[in-house]
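S.K.: Let me give you the structure first, and then I'll get to my questions.
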Amino acid sequence: MEHALSPATLAELRRPRPYPAVSVLTPTHRRQRGDGQDQVRLRNALTEARRRLESDPAVTRERRADVEAQLDRALSEVDLSHPEDGLVIFAAPGEHQVWSLARPVPERVVLSDTFLTRNLVSAHAAERPFWVLSLSADRVTLWNGGAGRVVEEHWGGFPLTRARENFDAERLMRIGDQPSTFRDEGTRRFLREADTAMSRVLRAAPRPLYITGEQAALALMEEAGTVARHAVPIGRGGLAHAGPEAVWQAIRPVLEEESRKNAASVLRELTSARGRRAYAAGVDELWQSARDGRVRLLAVEENYRTTVRETGDHLEPARPGDLDARDDIVDEIVERCLETGADVRFVPDGTLGDADGIAGVLRY
């Protein structure tokens, strides 16, 4: 299943497809894994997708068989043993994808000539993805981070390894027969290679970067190239050979401190916007401003969701399951703001006070 949404991947997902491009969305429950309800919900959603395909006169028999086969392949790839909060399946003639999201999604089946991507975009923004590069003299590991986890990334040439006979840098430093392996020219070349590889990764998938390693390794990495100059250093060695839990525990305090600073910064900007009448709050006002491209900064509380119905130029509250109810309106606003160049920030629940979960700073 897919987790990381890069700009190139999003552009590919958004291109028009031969009809029907099927999007199946279903919520999952990471805290209730193994009880079977997610499997039942998913199978019901796929049954609904097949029913819609069969009843649509615009779908030929051959094309229906192709898309149904893609849905079957997608189902075989779903792993609900460790679910997150949402699941999205895309299927079209000749292709399919399965996405696991760390943000709830509504139950929906959509047939169109494009895939429904707004829930992916919103989940990606809420997850605040980042990279972690862990350095040692013989191995450089890349970690894909976000939403309370890191996983090792096998992409862009990573992990980089360097074989050396009888090489045990930490043992040699402990017993004192090697002053520092990071003075070795081979190590310098190795870290320059890592810098070049990481530069390629950041061009393809830009996101914040954290670099872990001994102080000597961090200094040498900064000297070796460019990526360290725009990264957050964490002076912790041994993580290039460690598991994801050790890496997460090392970086977690840094992320928590940055989250606190981010929330404080958002509140300052919103307060300033109130004073100059450039402030908007509430889903109805932000929906209209987002459609007009007026939002410069959008702040959303992490678990804020609401269900609405569109009535003319306004939104009114609705109950899930009501006719014409839209329970992914927050994701739609987030996607629209990102498309128009707004800075979207997710903040802890309760941060926005009387703003009812969503607020923004307007351009004009």
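By order of appearance in the structure tokens: chains A, B, ..., then residues from 1 within every chain, and ligands from 1 in the order shown.
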Residues at most 12 Å from range 244-255 of chain A, counting only C-alpha atoms, excluding those fewer than 2 positions away in the same chain, as a PyMOL selection string?
M.R.: chain A and resi 128-135+141-153+208-213+232-242+257-262
S.K.: Restricting the output to N, CA and C atoms, write the selected residues as a CSV table (one decimal), in the first residue's frame.
M.R.:
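Writing the result to part-v7.csv gives the following:
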chain,number,residue,atom,x,y,z
A,128,ARG,N,2.2,16.1,7.8
A,128,ARG,CA,3.5,16.8,7.9
A,128,ARG,C,4.7,15.9,7.7
A,129,PRO,N,4.8,15.3,6.5
A,129,PRO,CA,5.8,14.3,6.2
A,129,PRO,C,7.2,15.0,6.3
A,130,PHE,N,8.2,14.2,6.6
A,130,PHE,CA,9.6,14.6,6.7
A,130,PHE,C,10.5,13.5,6.4
A,131,TRP,N,11.7,13.8,6.1
A,131,TRP,CA,12.8,12.9,5.9
A,131,TRP,C,13.7,12.9,7.1
A,132,VAL,N,14.3,11.7,7.4
A,132,VAL,CA,15.4,11.6,8.4
A,132,VAL,C,16.5,10.9,7.7
A,133,LEU,N,17.7,11.5,7.8
A,133,LEU,CA,18.9,10.9,7.2
A,133,LEU,C,19.8,10.5,8.4
A,134,SER,N,20.1,9.2,8.5
A,134,SER,CA,20.9,8.8,9.6
A,134,SER,C,22.3,8.4,9.1
A,135,LEU,N,23.3,9.0,9.7
A,135,LEU,CA,24.7,8.9,9.2
A,135,LEU,C,25.5,8.0,10.1
A,141,THR,N,21.2,5.8,6.2
A,141,THR,CA,19.9,5.3,6.0
A,141,THR,C,18.9,6.4,5.9
A,142,LEU,N,17.9,6.3,5.0
A,142,LEU,CA,16.9,7.3,4.8
A,142,LEU,C,15.6,6.8,5.4
A,143,TRP,N,14.9,7.6,6.2
A,143,TRP,CA,13.7,7.3,6.9
A,143,TRP,C,12.6,8.2,6.4
A,144,ASN,N,11.4,7.6,6.1
A,144,ASN,CA,10.2,8.4,5.7
A,144,ASN,C,9.4,8.6,6.9
A,145,GLY,N,9.2,9.8,7.4
A,145,GLY,CA,8.5,10.1,8.6
A,145,GLY,C,7.2,10.8,8.5
A,146,GLY,N,6.3,10.6,9.5
A,146,GLY,CA,5.1,11.4,9.6
A,146,GLY,C,4.1,10.6,10.4
A,147,ALA,N,3.2,11.4,11.0
A,147,ALA,CA,2.0,10.8,11.8
A,147,ALA,C,2.5,9.8,12.8
A,148,GLY,N,3.5,10.1,13.6
A,148,GLY,CA,3.9,9.2,14.7
A,148,GLY,C,4.7,8.0,14.3
A,149,ARG,N,5.3,8.1,13.2
A,149,ARG,CA,6.1,6.9,12.8
A,149,ARG,C,7.2,7.3,11.8
A,150,VAL,N,8.2,6.4,11.7
A,150,VAL,CA,9.2,6.5,10.6
A,150,VAL,C,9.3,5.1,10.1
A,151,VAL,N,9.5,5.0,8.8
A,151,VAL,CA,9.8,3.7,8.2
A,151,VAL,C,11.0,3.9,7.3
A,152,GLU,N,11.8,2.8,7.2
A,152,GLU,CA,13.0,2.9,6.3
A,152,GLU,C,12.6,3.0,4.9
A,153,GLU,N,13.2,3.9,4.1
A,153,GLU,CA,12.9,4.1,2.7
A,153,GLU,C,14.0,3.5,1.8
A,208,PRO,N,10.7,18.7,4.9
A,208,PRO,CA,11.7,19.0,5.9
A,208,PRO,C,12.7,17.8,6.1
A,209,LEU,N,13.9,18.1,6.4
A,209,LEU,CA,14.9,17.1,6.6
A,209,LEU,C,15.6,17.2,7.9
A,210,TYR,N,15.7,16.1,8.6
A,210,TYR,CA,16.5,16.0,9.9
A,210,TYR,C,17.6,15.0,9.6
A,211,ILE,N,18.8,15.3,10.2
A,211,ILE,CA,20.0,14.5,10.0
A,211,ILE,C,20.5,14.1,11.4
A,212,THR,N,20.6,12.8,11.6
A,212,THR,CA,21.1,12.3,12.8
A,212,THR,C,22.5,11.7,12.6
A,213,GLY,N,23.3,11.8,13.7
A,213,GLY,CA,24.7,11.2,13.6
A,213,GLY,C,25.6,11.8,14.7
A,232,VAL,N,17.8,20.1,9.9
A,232,VAL,CA,17.9,20.2,11.4
A,232,VAL,C,18.8,19.0,11.8
A,233,PRO,N,19.9,19.4,12.5
A,233,PRO,CA,20.8,18.3,12.9
A,233,PRO,C,20.4,17.8,14.3
A,234,ILE,N,20.6,16.5,14.5
A,234,ILE,CA,20.3,15.8,15.8
A,234,ILE,C,21.5,15.0,16.1
A,235,GLY,N,22.2,15.4,17.2
A,235,GLY,CA,23.5,14.8,17.5
A,235,GLY,C,23.3,13.5,18.2
A,236,ARG,N,22.9,12.5,17.5
A,236,ARG,CA,22.6,11.1,18.0
A,236,ARG,C,23.2,10.1,17.1
A,237,GLY,N,24.2,9.4,17.5
A,237,GLY,CA,24.8,8.4,16.6
A,237,GLY,C,24.2,7.0,16.7
A,238,GLY,N,24.6,6.1,15.9
A,238,GLY,CA,24.1,4.7,15.9
A,238,GLY,C,22.8,4.5,15.3
A,239,LEU,N,22.1,5.5,14.7
A,239,LEU,CA,20.8,5.3,14.2
A,239,LEU,C,20.8,4.7,12.8
A,240,ALA,N,21.9,4.8,12.1
A,240,ALA,CA,22.0,4.3,10.7
A,240,ALA,C,21.8,2.8,10.7
A,241,HIS,N,22.1,2.1,11.9
A,241,HIS,CA,22.0,0.7,12.0
A,241,HIS,C,20.8,0.3,12.9
A,242,ALA,N,20.0,1.3,13.3
A,242,ALA,CA,19.0,1.0,14.3
A,242,ALA,C,17.6,0.7,13.6
A,257,GLU,N,8.6,19.9,19.9
A,257,GLU,CA,9.0,21.3,20.1
A,257,GLU,C,8.6,22.2,18.9
A,258,GLU,N,8.8,21.6,17.7
A,258,GLU,CA,8.5,22.4,16.5
A,258,GLU,C,7.0,22.5,16.4
A,259,SER,N,6.2,21.5,16.8
A,259,SER,CA,4.7,21.6,16.8
A,259,SER,C,4.3,22.7,17.7
A,260,ARG,N,4.9,22.8,18.9
A,260,ARG,CA,4.5,23.9,19.8
A,260,ARG,C,4.8,25.3,19.2
A,261,LYS,N,6.0,25.4,18.6
A,261,LYS,CA,6.3,26.7,18.0
A,261,LYS,C,5.4,27.0,16.8
A,262,ASN,N,5.0,26.0,16.0
A,262,ASN,CA,4.2,26.2,14.9
A,262,ASN,C,2.8,26.7,15.3
S.K.: What's the 8 Å shell around Ile89 in chain A, counting only C-alpha atoms, without same-chain residues fewer than 3 positions away, as a VMD selection string?
M.R.: chain A and resid 22 to 25 71 74 96 to 99
S.K.: For each of A:Leu120, A:Leu46, A:Leu160, A:Ala205, take the minimum atom-to-atom distance to Val334 in chain A, counting only C-alpha atoms, then give the residue where this is smallest.
M.R.: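 Residue with the minimum atom-to-atom distance to Val334 in chain A: A:Leu120.
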S.K.: Can you tell me, as a VMD selection string, which residues in range 10-254 of chain A count as strand (DSSP E) by DSSP?
M.R.: chain A and resid 21 to 27 86 to 92 95 to 101 108 to 112 130 to 135 139 to 146 149 to 152 160 to 161 209 to 212 232 to 234
S.K.: Write the residues you've just listed into a file as a short mmCIF file (atom, residue, chain, number, x, y, z; two decimals), in the first residue's frame, and include N, CA and C atoms for each of them.
M.R.:
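For reference, again-v9.cif as written:
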data_model
loop_
_atom_site.label_atom_id
_atom_site.label_comp_id
_atom_site.auth_asym_id
_atom_site.auth_seq_id
_atom_site.Cartn_x
_atom_site.Cartn_y
_atom_site.Cartn_z
N ALA A 21 -12.97 5.97 -14.10
CA ALA A 21 -11.94 5.95 -13.07
C ALA A 21 -12.68 5.85 -11.73
N VAL A 22 -12.46 4.75 -11.01
CA VAL A 22 -13.22 4.46 -9.80
C VAL A 22 -12.40 4.82 -8.57
N SER A 23 -12.99 5.59 -7.67
CA SER A 23 -12.38 5.91 -6.38
C SER A 23 -13.24 5.30 -5.28
N VAL A 24 -12.64 4.46 -4.46
CA VAL A 24 -13.34 3.83 -3.34
C VAL A 24 -12.67 4.30 -2.05
N LEU A 25 -13.43 4.96 -1.19
CA LEU A 25 -12.91 5.46 0.08
C LEU A 25 -13.64 4.77 1.22
N THR A 26 -12.89 4.36 2.22
CA THR A 26 -13.52 3.75 3.39
C THR A 26 -12.69 4.03 4.63
N PRO A 27 -13.34 4.38 5.75
CA PRO A 27 -12.58 4.58 7.00
C PRO A 27 -12.10 3.26 7.55
N GLY A 86 -7.70 5.62 7.31
CA GLY A 86 -8.49 5.67 6.09
C GLY A 86 -7.84 4.86 5.00
N LEU A 87 -8.65 4.41 4.06
CA LEU A 87 -8.16 3.60 2.94
C LEU A 87 -8.78 4.14 1.66
N VAL A 88 -7.95 4.29 0.63
CA VAL A 88 -8.42 4.76 -0.67
C VAL A 88 -7.93 3.79 -1.74
N ILE A 89 -8.84 3.36 -2.59
CA ILE A 89 -8.50 2.50 -3.72
C ILE A 89 -8.87 3.23 -5.00
N PHE A 90 -7.93 3.30 -5.92
CA PHE A 90 -8.17 3.85 -7.24
C PHE A 90 -8.08 2.71 -8.25
N ALA A 91 -9.02 2.66 -9.18
CA ALA A 91 -8.98 1.65 -10.23
C ALA A 91 -9.52 2.26 -11.52
N ALA A 92 -8.83 2.00 -12.61
CA ALA A 92 -9.23 2.45 -13.93
C ALA A 92 -8.75 1.38 -14.92
N GLU A 95 -5.06 -0.20 -14.57
CA GLU A 95 -4.27 0.27 -13.44
C GLU A 95 -5.08 0.27 -12.15
N HIS A 96 -4.35 0.25 -11.03
CA HIS A 96 -4.98 0.40 -9.72
C HIS A 96 -3.92 0.84 -8.73
N GLN A 97 -4.36 1.47 -7.63
CA GLN A 97 -3.49 1.85 -6.53
C GLN A 97 -4.26 1.73 -5.23
N VAL A 98 -3.53 1.45 -4.15
CA VAL A 98 -4.11 1.37 -2.81
C VAL A 98 -3.33 2.32 -1.91
N TRP A 99 -4.06 3.21 -1.23
CA TRP A 99 -3.44 4.20 -0.35
C TRP A 99 -3.95 4.03 1.07
N SER A 100 -3.03 3.99 2.03
CA SER A 100 -3.38 3.98 3.45
C SER A 100 -3.10 5.37 4.01
N LEU A 101 -4.10 5.95 4.69
CA LEU A 101 -4.01 7.35 5.13
C LEU A 101 -4.10 7.45 6.64
N ARG A 108 -17.17 6.50 0.44
CA ARG A 108 -17.61 7.02 -0.85
C ARG A 108 -17.18 6.09 -1.96
N VAL A 109 -18.01 6.01 -2.99
CA VAL A 109 -17.66 5.35 -4.25
C VAL A 109 -17.97 6.35 -5.35
N VAL A 110 -16.94 6.73 -6.12
CA VAL A 110 -17.10 7.74 -7.15
C VAL A 110 -16.62 7.19 -8.48
N LEU A 111 -17.45 7.32 -9.53
CA LEU A 111 -17.06 6.98 -10.89
C LEU A 111 -16.95 8.29 -11.68
N SER A 112 -15.80 8.51 -12.28
CA SER A 112 -15.56 9.75 -13.00
C SER A 112 -14.49 9.50 -14.05
N PHE A 130 8.18 14.17 6.63
CA PHE A 130 9.56 14.65 6.73
C PHE A 130 10.50 13.50 6.39
N TRP A 131 11.74 13.84 6.14
CA TRP A 131 12.79 12.85 5.92
C TRP A 131 13.75 12.87 7.11
N VAL A 132 14.28 11.71 7.43
CA VAL A 132 15.37 11.60 8.41
C VAL A 132 16.51 10.87 7.72
N LEU A 133 17.68 11.47 7.76
CA LEU A 133 18.88 10.86 7.20
C LEU A 133 19.80 10.51 8.36
N SER A 134 20.09 9.23 8.53
CA SER A 134 20.94 8.77 9.64
C SER A 134 22.31 8.39 9.12
N LEU A 135 23.33 9.02 9.69
CA LEU A 135 24.70 8.88 9.19
C LEU A 135 25.55 7.96 10.05
N ARG A 139 27.34 3.35 6.69
CA ARG A 139 25.96 3.20 6.25
C ARG A 139 25.22 4.52 6.44
N VAL A 140 24.41 4.89 5.44
CA VAL A 140 23.53 6.06 5.54
C VAL A 140 22.12 5.58 5.21
N THR A 141 21.22 5.78 6.16
CA THR A 141 19.86 5.28 6.04
C THR A 141 18.89 6.44 5.90
N LEU A 142 17.91 6.27 5.02
CA LEU A 142 16.87 7.28 4.82
C LEU A 142 15.58 6.75 5.43
N TRP A 143 14.93 7.62 6.24
CA TRP A 143 13.68 7.27 6.90
C TRP A 143 12.58 8.19 6.41
N ASN A 144 11.43 7.62 6.13
CA ASN A 144 10.25 8.36 5.71
C ASN A 144 9.38 8.55 6.94
N GLY A 145 9.16 9.79 7.35
CA GLY A 145 8.49 10.05 8.62
C GLY A 145 7.20 10.82 8.48
N GLY A 146 6.32 10.63 9.48
CA GLY A 146 5.07 11.37 9.56
C GLY A 146 4.06 10.63 10.40
N ARG A 149 5.35 8.05 13.21
CA ARG A 149 6.11 6.87 12.81
C ARG A 149 7.22 7.28 11.85
N VAL A 150 8.20 6.41 11.74
CA VAL A 150 9.16 6.47 10.64
C VAL A 150 9.31 5.06 10.09
N VAL A 151 9.52 4.97 8.80
CA VAL A 151 9.79 3.68 8.16
C VAL A 151 11.00 3.85 7.26
N GLU A 152 11.81 2.81 7.16
CA GLU A 152 12.99 2.92 6.32
C GLU A 152 12.59 2.99 4.86
N LEU A 160 22.60 3.64 1.65
CA LEU A 160 23.96 3.60 1.10
C LEU A 160 24.85 2.83 2.08
N THR A 161 25.64 1.92 1.55
CA THR A 161 26.55 1.15 2.40
C THR A 161 27.96 1.21 1.84
N LEU A 209 13.92 18.10 6.41
CA LEU A 209 14.93 17.06 6.57
C LEU A 209 15.60 17.19 7.93
N TYR A 210 15.73 16.06 8.62
CA TYR A 210 16.47 15.96 9.87
C TYR A 210 17.63 14.99 9.64
N ILE A 211 18.80 15.34 10.17
CA ILE A 211 19.97 14.49 10.00
C ILE A 211 20.49 14.07 11.36
N THR A 212 20.61 12.76 11.59
CA THR A 212 21.13 12.25 12.85
C THR A 212 22.52 11.68 12.64
N VAL A 232 17.77 20.06 9.90
CA VAL A 232 17.88 20.17 11.36
C VAL A 232 18.79 19.04 11.84
N PRO A 233 19.94 19.38 12.45
CA PRO A 233 20.85 18.33 12.93
C PRO A 233 20.41 17.79 14.29
N ILE A 234 20.57 16.50 14.49
CA ILE A 234 20.28 15.85 15.77
C ILE A 234 21.50 15.01 16.13
#
S.K.: Mind pulling up the distance from CA of Arg61 in chain A to CA of Arg43 in chain A?
M.R.: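 Taking CA of Arg43 in chain A and CA of Arg61 in chain A, their separation equals 21.9 Å.
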S.K.: Select, from A:Glu285, A:Glu269, A:Asp322, A:Asp85, the residue with the minimum atom-to-atom distance to Asn303 in chain A, counting only C-alpha atoms.
M.R.: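 Using only C-alpha atoms, Asn303 in chain A sits closest to A:Asp85.
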S.K.: Compare A:Val121, A:Ala359, A:Arg345, A:His230 by their minimum atom-to-atom distance to Thr9 in chain A, counting only C-alpha atoms, and give me the closest one.
M.R.: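 Closest candidate: A:Val121.
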S.K.: Please provide as an MDAnalysis selection string all residues within 9 Å of His314 in chain A, with the sequence filter that same-chain residues fewer than 4 positions apart are discarded (counting only C-alpha atoms).
M.R.: chainID A and resid 284:285 287:288 309:310
S.K.: Store the residues picked out above, limited to N, CA, C and O atoms, as a PDB file, in the first residue's frame.
M.R.:
ATOM      1  N   ASP A 284     -17.955  27.620   6.524  1.00  0.00           N
ATOM      2  CA  ASP A 284     -18.672  28.306   5.451  1.00  0.00           C
ATOM      3  C   ASP A 284     -17.851  29.457   4.884  1.00  0.00           C
ATOM      4  O   ASP A 284     -17.666  29.587   3.669  1.00  0.00           O
ATOM      5  N   GLU A 285     -17.328  30.291   5.780  1.00  0.00           N
ATOM      6  CA  GLU A 285     -16.547  31.444   5.332  1.00  0.00           C
ATOM      7  C   GLU A 285     -15.263  31.017   4.641  1.00  0.00           C
ATOM      8  O   GLU A 285     -14.879  31.564   3.600  1.00  0.00           O
ATOM      9  N   TRP A 287     -14.703  28.143   3.118  1.00  0.00           N
ATOM     10  CA  TRP A 287     -15.026  27.474   1.852  1.00  0.00           C
ATOM     11  C   TRP A 287     -15.163  28.502   0.726  1.00  0.00           C
ATOM     12  O   TRP A 287     -14.619  28.326  -0.368  1.00  0.00           O
ATOM     13  N   GLN A 288     -15.876  29.582   1.012  1.00  0.00           N
ATOM     14  CA  GLN A 288     -16.044  30.619  -0.015  1.00  0.00           C
ATOM     15  C   GLN A 288     -14.718  31.310  -0.326  1.00  0.00           C
ATOM     16  O   GLN A 288     -14.386  31.548  -1.490  1.00  0.00           O
ATOM     17  N   ARG A 309     -24.148  20.562   4.041  1.00  0.00           N
ATOM     18  CA  ARG A 309     -24.893  20.489   2.785  1.00  0.00           C
ATOM     19  C   ARG A 309     -24.768  21.846   2.106  1.00  0.00           C
ATOM     20  O   ARG A 309     -24.859  22.893   2.769  1.00  0.00           O
ATOM     21  N   GLU A 310     -24.560  21.850   0.799  1.00  0.00           N
ATOM     22  CA  GLU A 310     -24.439  23.102   0.068  1.00  0.00           C
ATOM     23  C   GLU A 310     -25.827  23.615  -0.281  1.00  0.00           C
ATOM     24  O   GLU A 310     -26.636  22.899  -0.875  1.00  0.00           O
TER      25      GLU A 310
END
